[in-house]
file run_18.txt (compact mmCIF, C-alpha atoms)
# COMPACT_ATOMS: atom_id res chain seq x y z
CA MET A 4 94.37 133.16 108.07
CA ALA A 5 92.63 131.78 111.15
CA LEU A 6 92.91 128.07 111.88
CA HIS A 7 89.17 127.49 111.50
CA ARG A 8 89.28 129.07 108.01
CA VAL A 9 92.22 126.86 106.98
CA ARG A 10 90.35 123.81 108.23
CA GLY A 11 87.34 124.95 106.24
CA LEU A 12 89.44 124.81 103.08
CA LEU A 13 89.96 121.09 103.54
CA ASP A 14 87.13 118.74 102.68
CA ARG A 15 87.45 116.80 105.95
CA ARG A 16 88.46 118.11 109.35
CA ASP A 17 90.33 114.95 110.39
CA GLU A 18 93.07 115.31 107.79
CA HIS A 19 96.58 116.59 108.21
CA GLY A 20 99.81 116.48 106.22
CA VAL A 21 100.65 112.81 106.73
CA ASN A 22 97.09 111.76 105.97
CA LEU A 23 97.06 113.81 102.77
CA THR A 24 100.43 112.36 101.73
CA ASP A 25 99.14 108.80 102.09
CA GLY A 26 97.98 108.49 98.49
CA LEU A 27 100.70 106.55 96.67
CA ASP A 28 102.35 103.26 97.53
CA GLY A 29 105.14 103.92 100.04
CA LEU A 30 104.87 107.70 99.95
CA ALA A 31 103.70 108.43 103.50
CA GLY A 32 105.66 105.57 105.06
CA GLY A 33 108.94 106.55 103.44
CA THR A 34 108.62 110.24 104.17
CA LEU A 35 107.76 109.41 107.79
CA VAL A 36 110.99 107.42 108.08
CA PHE A 37 112.90 110.45 106.83
CA ALA A 38 111.07 112.58 109.41
CA PHE A 39 111.56 110.29 112.43
CA VAL A 40 115.29 109.68 111.84
CA PRO A 41 116.20 113.35 112.44
CA PHE A 42 114.14 113.40 115.63
CA LEU A 43 115.90 110.23 116.82
CA ILE A 44 119.23 112.03 116.34
CA ILE A 45 117.88 115.18 118.00
CA ALA A 46 116.60 113.17 120.99
CA LEU A 47 120.03 111.58 121.46
CA LEU A 48 121.93 114.86 121.15
CA ASN A 49 119.48 117.04 123.08
CA VAL A 50 120.56 118.42 126.45
CA PRO A 51 119.62 116.53 128.54
CA ASP A 52 119.52 113.53 126.22
CA GLN A 53 116.17 111.85 125.75
CA GLU A 54 117.08 108.19 125.37
CA ASN A 55 113.53 106.91 125.86
CA LEU A 56 112.24 109.20 123.14
CA ALA A 57 115.07 108.04 120.85
CA VAL A 58 114.01 104.44 121.51
CA LEU A 59 110.42 105.35 120.59
CA CYS A 60 111.64 106.94 117.35
CA ALA A 61 113.74 103.84 116.59
CA ILE A 62 110.73 101.58 117.17
CA VAL A 63 108.57 103.71 114.86
CA ILE A 64 111.32 103.73 112.20
CA GLY A 65 111.74 99.96 112.41
CA THR A 66 107.99 99.46 112.22
CA LEU A 67 107.74 101.76 109.19
CA LEU A 68 110.58 99.94 107.42
CA GLY A 69 108.81 96.63 108.01
CA PHE A 70 105.59 98.18 106.74
CA LEU A 71 107.34 99.56 103.65
CA TRP A 72 108.50 96.05 102.74
CA PHE A 73 104.87 95.32 101.85
CA ASN A 74 103.67 98.84 101.05
CA VAL A 75 105.99 99.89 98.21
CA HIS A 76 104.67 99.61 94.68
CA PRO A 77 102.66 97.47 94.16
CA ALA A 78 101.33 97.71 97.70
CA GLN A 79 100.06 94.57 99.40
CA ILE A 80 98.90 96.43 102.52
CA PHE A 81 97.81 100.01 103.10
CA MET A 82 98.35 102.49 105.93
CA GLY A 83 94.95 104.17 105.86
CA ASP A 84 93.62 106.84 108.20
CA ALA A 85 94.38 104.93 111.40
CA GLY A 86 98.08 104.74 110.59
CA SER A 87 98.61 108.11 108.97
CA LEU A 88 96.70 110.11 111.58
CA SER A 89 98.37 108.38 114.53
CA LEU A 90 101.88 108.51 113.04
CA GLY A 91 101.48 112.19 112.15
CA ALA A 92 100.32 112.93 115.69
CA THR A 93 103.25 110.93 117.09
CA LEU A 94 105.68 112.95 114.98
CA ALA A 95 104.16 116.20 116.29
CA VAL A 96 104.36 114.98 119.90
CA VAL A 97 108.00 113.92 119.45
CA SER A 98 108.84 117.38 118.12
CA LEU A 99 107.13 118.97 121.12
CA ILE A 100 108.92 116.73 123.63
CA THR A 101 112.32 117.47 122.07
CA GLY A 102 111.51 121.19 122.14
CA GLN A 103 112.07 121.40 118.39
CA ILE A 104 108.56 122.23 117.18
CA LEU A 105 109.90 125.03 114.97
CA ILE A 106 112.07 122.56 113.04
CA LEU A 107 109.11 120.23 112.42
CA PRO A 108 107.77 122.13 109.35
CA LEU A 109 111.23 121.91 107.78
CA ILE A 110 111.78 118.22 108.59
CA GLY A 111 108.22 117.46 107.46
CA ILE A 112 108.39 119.75 104.40
CA VAL A 113 106.74 117.11 102.20
CA PHE A 114 103.72 117.04 104.51
CA VAL A 115 103.60 120.85 104.61
CA ILE A 116 103.74 121.13 100.81
CA GLU A 117 101.06 118.47 100.36
CA THR A 118 98.77 120.28 102.81
CA LEU A 119 99.41 123.67 101.22
CA SER A 120 98.66 122.24 97.77
CA VAL A 121 95.23 121.11 98.99
CA ALA A 122 94.49 124.41 100.75
CA ILE A 123 95.60 126.43 97.70
CA GLN A 124 93.62 124.25 95.29
CA VAL A 125 90.42 124.31 97.34
CA GLY A 126 90.70 128.04 98.11
CA TYR A 127 91.40 128.96 94.49
CA PHE A 128 88.61 126.64 93.28
CA LYS A 129 86.11 128.31 95.59
CA ALA A 130 87.32 131.85 94.83
CA THR A 131 87.25 131.39 91.04
CA HIS A 132 84.13 129.22 90.95
CA GLY A 133 85.69 126.14 89.42
CA ARG A 134 89.16 127.01 88.11
CA ARG A 135 92.17 125.00 89.30
CA ILE A 136 95.87 125.63 89.84
CA PHE A 137 96.94 121.98 89.98
CA ARG A 138 95.63 119.15 87.83
CA MET A 139 94.63 117.49 91.11
CA SER A 140 95.59 117.86 94.74
CA PRO A 141 97.40 116.80 96.88
CA LEU A 142 100.51 117.61 94.88
CA HIS A 143 101.59 114.00 94.29
CA HIS A 144 98.42 113.45 92.22
CA HIS A 145 99.27 116.53 90.13
CA PHE A 146 102.55 114.87 89.11
CA GLU A 147 100.78 111.55 88.57
CA LEU A 148 98.31 113.15 86.14
CA GLY A 149 101.28 114.84 84.48
CA GLY A 150 102.57 111.43 83.45
CA TRP A 151 105.15 110.69 86.15
CA PRO A 152 105.17 107.05 87.27
CA GLU A 153 104.12 106.41 90.86
CA THR A 154 107.56 105.09 91.83
CA LYS A 155 109.30 108.19 90.45
CA ILE A 156 107.07 110.52 92.46
CA THR A 157 107.58 108.47 95.62
CA LEU A 158 111.37 108.38 95.30
CA ARG A 159 111.58 112.11 94.53
CA PHE A 160 109.46 112.95 97.57
CA TRP A 161 111.65 110.64 99.69
CA ILE A 162 114.74 112.50 98.46
CA VAL A 163 113.18 115.85 99.38
CA GLY A 164 112.21 114.43 102.79
CA GLY A 165 115.73 113.11 103.37
CA LEU A 166 117.35 116.41 102.45
CA ALA A 167 114.91 118.30 104.67
CA GLY A 168 115.73 115.95 107.54
CA LEU A 169 119.46 116.57 107.08
CA LEU A 170 118.87 120.32 107.04
CA GLY A 171 116.73 120.08 110.18
CA VAL A 172 119.44 118.19 112.07
CA THR A 173 122.04 120.67 110.82
CA LEU A 174 120.00 123.59 112.16
CA PHE A 175 119.56 121.78 115.48
CA LEU A 176 123.33 121.18 115.73
CA ALA A 177 124.04 124.82 114.85
CA GLU A 178 121.71 125.95 117.63
CA LEU A 179 123.31 123.45 120.03
CA GLN A 180 126.78 124.81 119.18
CA ARG A 181 125.57 128.38 119.64
CA LEU A 182 124.28 127.58 123.13
CA ALA A 183 127.51 125.80 124.17

call {"tool": "encode", "arguments": {"input": "run_18.txt", "output": "structure tokens"}}
result
Amino acid sequence: MALHRVRGLLDRRDEHGVNLTDGLDGLAGGTLVFAFVPFLIIALLNVPDQENLAVLCAIVIGTLLGFLWFNVHPAQIFMGDAGSLSLGATLAVVSLITGQILILPLIGIVFVIETLSVAIQVGYFKATHGRRIFRMSPLHHHFELGGWPETKITLRFWIVGGLAGLLGVTLFLAELQRLA
């Protein structure tokens, strides 16, 4: 499917995976931490090493952890579009600089799934003239309407993000070993 058609499935053109994930207290911030940590490790182990990029990742991680102190349920402050769009773009740029853009969809699997849930829901809704696959999209709202508490959804998505990050670093290390 062409990029312009995928964009047409979303209600707004300025949204991407991190922005769509920013819907529950701590969800986007926590999953971003689990996405930036693997890229910090990758930047340090890359050949040649990218210490400055690792420092940037560490600063973003520290900032997100400070933000999460006030953003977890019940949130006292919110990330909003300015934070989610810029942090998502930063994550994409870090993956490009490290040369690991193909690992990004794996490390950011939560963002990919959230985006796909919106595209599938909107596409199916338009194709069937009003029928839905999910109770609501993005996917975290589907679980919320299914009766899961907000904190349970957030922690489960963090676990998935953490496991995906570990798998991404493992694949990077396997490729590094293969090249050596």

call {"tool": "closest_residue", "arguments": {"input": "run_18.txt", "among": "A:Ala61, A:Leu23, A:Ala130, A:Gly150", "to": "A:Ala46", "atoms": "all atoms listed in the file"}}
result
A:Ala61

call {"tool": "closest_residue", "arguments": {"input": "run_18.txt", "among": "A:Gln79, A:Thr24, A:Asn49, A:Thr157", "to": "A:Ser140", "atoms": "only C-alpha atoms"}}
result
A:Thr24

call {"tool": "residues_around", "arguments": {"input": "run_18.txt", "residues": "A:Ser120", "least_positions_apart": "2", "cutoff": "9 Å", "atoms": "only C-alpha atoms", "output": "PDB file with C-alpha atoms, keeping the file's coordinate frame"}}
result
ATOM      1  CA  VAL A 115     103.600 120.850 104.610  1.00  0.00           C
ATOM      2  CA  ILE A 116     103.740 121.130 100.810  1.00  0.00           C
ATOM      3  CA  GLU A 117     101.060 118.470 100.360  1.00  0.00           C
ATOM      4  CA  THR A 118      98.770 120.280 102.810  1.00  0.00           C
ATOM      5  CA  ALA A 122      94.490 124.410 100.750  1.00  0.00           C
ATOM      6  CA  ILE A 123      95.600 126.430  97.700  1.00  0.00           C
ATOM      7  CA  GLN A 124      93.620 124.250  95.290  1.00  0.00           C
ATOM      8  CA  VAL A 125      90.420 124.310  97.340  1.00  0.00           C
ATOM      9  CA  PHE A 137      96.940 121.980  89.980  1.00  0.00           C
ATOM     10  CA  SER A 140      95.590 117.860  94.740  1.00  0.00           C
ATOM     11  CA  PRO A 141      97.400 116.800  96.880  1.00  0.00           C
ATOM     12  CA  LEU A 142     100.510 117.610  94.880  1.00  0.00           C
TER      13      LEU A 142
END

call {"tool": "closest_residue", "arguments": {"input": "run_18.txt", "among": "A:Glu153, A:Cys60, A:Val21, A:Glu147", "to": "A:Pro41", "atoms": "only C-alpha atoms"}}
result
A:Cys60

call {"tool": "atom_distance", "arguments": {"input": "run_18.txt", "atom1": "atom CA of A:Ile80", "atom2": "atom CA of A:Gly164"}}
result
22.4 Å

call {"tool": "atom_distance", "arguments": {"input": "run_18.txt", "atom1": "atom CA of A:Asp25", "atom2": "atom CA of A:Asn74"}}
result
11.0 Å

call {"tool": "decode", "arguments": {"input": "run_18.txt", "residues": "stretch 86-144 of chain A", "atoms": "C-alpha atoms", "output": "PDB file, in the first residue's frame"}}
result
ATOM      1  CA  GLY A  86       6.616  15.683  23.204  1.00  0.00           C
ATOM      2  CA  SER A  87       5.404  12.575  21.421  1.00  0.00           C
ATOM      3  CA  LEU A  88       6.085  13.844  17.909  1.00  0.00           C
ATOM      4  CA  SER A  89       9.560  15.147  18.742  1.00  0.00           C
ATOM      5  CA  LEU A  90      10.578  12.072  20.765  1.00  0.00           C
ATOM      6  CA  GLY A  91       9.337   9.731  18.035  1.00  0.00           C
ATOM      7  CA  ALA A  92      11.309  11.684  15.447  1.00  0.00           C
ATOM      8  CA  THR A  93      14.384  11.601  17.699  1.00  0.00           C
ATOM      9  CA  LEU A  94      14.084   7.827  18.011  1.00  0.00           C
ATOM     10  CA  ALA A  95      13.893   7.496  14.216  1.00  0.00           C
ATOM     11  CA  VAL A  96      16.930   9.752  13.734  1.00  0.00           C
ATOM     12  CA  VAL A  97      18.932   7.790  16.332  1.00  0.00           C
ATOM     13  CA  SER A  98      18.134   4.559  14.489  1.00  0.00           C
ATOM     14  CA  LEU A  99      19.273   6.125  11.214  1.00  0.00           C
ATOM     15  CA  ILE A 100      22.527   7.438  12.694  1.00  0.00           C
ATOM     16  CA  THR A 101      23.368   4.050  14.217  1.00  0.00           C
ATOM     17  CA  GLY A 102      22.612   2.393  10.874  1.00  0.00           C
ATOM     18  CA  GLN A 103      20.021   0.164  12.539  1.00  0.00           C
ATOM     19  CA  ILE A 104      16.831   1.416  10.896  1.00  0.00           C
ATOM     20  CA  LEU A 105      15.713  -2.157  10.177  1.00  0.00           C
ATOM     21  CA  ILE A 106      15.768  -2.998  13.889  1.00  0.00           C
ATOM     22  CA  LEU A 107      13.627   0.050  14.753  1.00  0.00           C
ATOM     23  CA  PRO A 108      10.255  -1.616  13.971  1.00  0.00           C
ATOM     24  CA  LEU A 109      11.203  -4.484  16.284  1.00  0.00           C
ATOM     25  CA  ILE A 110      12.479  -2.279  19.127  1.00  0.00           C
ATOM     26  CA  GLY A 111       9.446  -0.011  18.698  1.00  0.00           C
ATOM     27  CA  ILE A 112       6.984  -2.894  18.243  1.00  0.00           C
ATOM     28  CA  VAL A 113       4.459  -1.255  20.584  1.00  0.00           C
ATOM     29  CA  PHE A 114       4.378   1.835  18.369  1.00  0.00           C
ATOM     30  CA  VAL A 115       4.072  -0.315  15.237  1.00  0.00           C
ATOM     31  CA  ILE A 116       1.178  -2.326  16.684  1.00  0.00           C
ATOM     32  CA  GLU A 117      -0.622   0.812  17.867  1.00  0.00           C
ATOM     33  CA  THR A 118      -0.286   2.369  14.397  1.00  0.00           C
ATOM     34  CA  LEU A 119      -1.409  -0.808  12.645  1.00  0.00           C
ATOM     35  CA  SER A 120      -4.444  -1.057  14.936  1.00  0.00           C
ATOM     36  CA  VAL A 121      -5.532   2.431  13.856  1.00  0.00           C
ATOM     37  CA  ALA A 122      -4.896   1.760  10.156  1.00  0.00           C
ATOM     38  CA  ILE A 123      -6.745  -1.577  10.307  1.00  0.00           C
ATOM     39  CA  GLN A 124      -9.671  -0.092  12.237  1.00  0.00           C
ATOM     40  CA  VAL A 125     -10.078   2.916   9.945  1.00  0.00           C
ATOM     41  CA  GLY A 126      -9.613   0.867   6.762  1.00  0.00           C
ATOM     42  CA  TYR A 127     -12.067  -1.811   7.867  1.00  0.00           C
ATOM     43  CA  PHE A 128     -14.555   0.836   9.050  1.00  0.00           C
ATOM     44  CA  LYS A 129     -14.454   2.555   5.662  1.00  0.00           C
ATOM     45  CA  ALA A 130     -14.580  -0.700   3.679  1.00  0.00           C
ATOM     46  CA  THR A 131     -17.538  -2.136   5.622  1.00  0.00           C
ATOM     47  CA  HIS A 132     -19.370   1.170   6.072  1.00  0.00           C
ATOM     48  CA  GLY A 133     -19.334   1.271   9.846  1.00  0.00           C
ATOM     49  CA  ARG A 134     -18.263  -2.124  11.185  1.00  0.00           C
ATOM     50  CA  ARG A 135     -15.298  -2.355  13.562  1.00  0.00           C
ATOM     51  CA  ILE A 136     -12.624  -4.908  14.409  1.00  0.00           C
ATOM     52  CA  PHE A 137     -11.554  -3.369  17.721  1.00  0.00           C
ATOM     53  CA  ARG A 138     -13.810  -1.814  20.337  1.00  0.00           C
ATOM     54  CA  MET A 139     -11.738   1.339  19.839  1.00  0.00           C
ATOM     55  CA  SER A 140      -8.349   2.162  18.409  1.00  0.00           C
ATOM     56  CA  PRO A 141      -5.463   2.602  19.116  1.00  0.00           C
ATOM     57  CA  LEU A 142      -5.151  -0.843  20.645  1.00  0.00           C
ATOM     58  CA  HIS A 143      -4.644   0.326  24.242  1.00  0.00           C
ATOM     59  CA  HIS A 144      -8.179   1.778  24.209  1.00  0.00           C
TER      60      HIS A 144
END
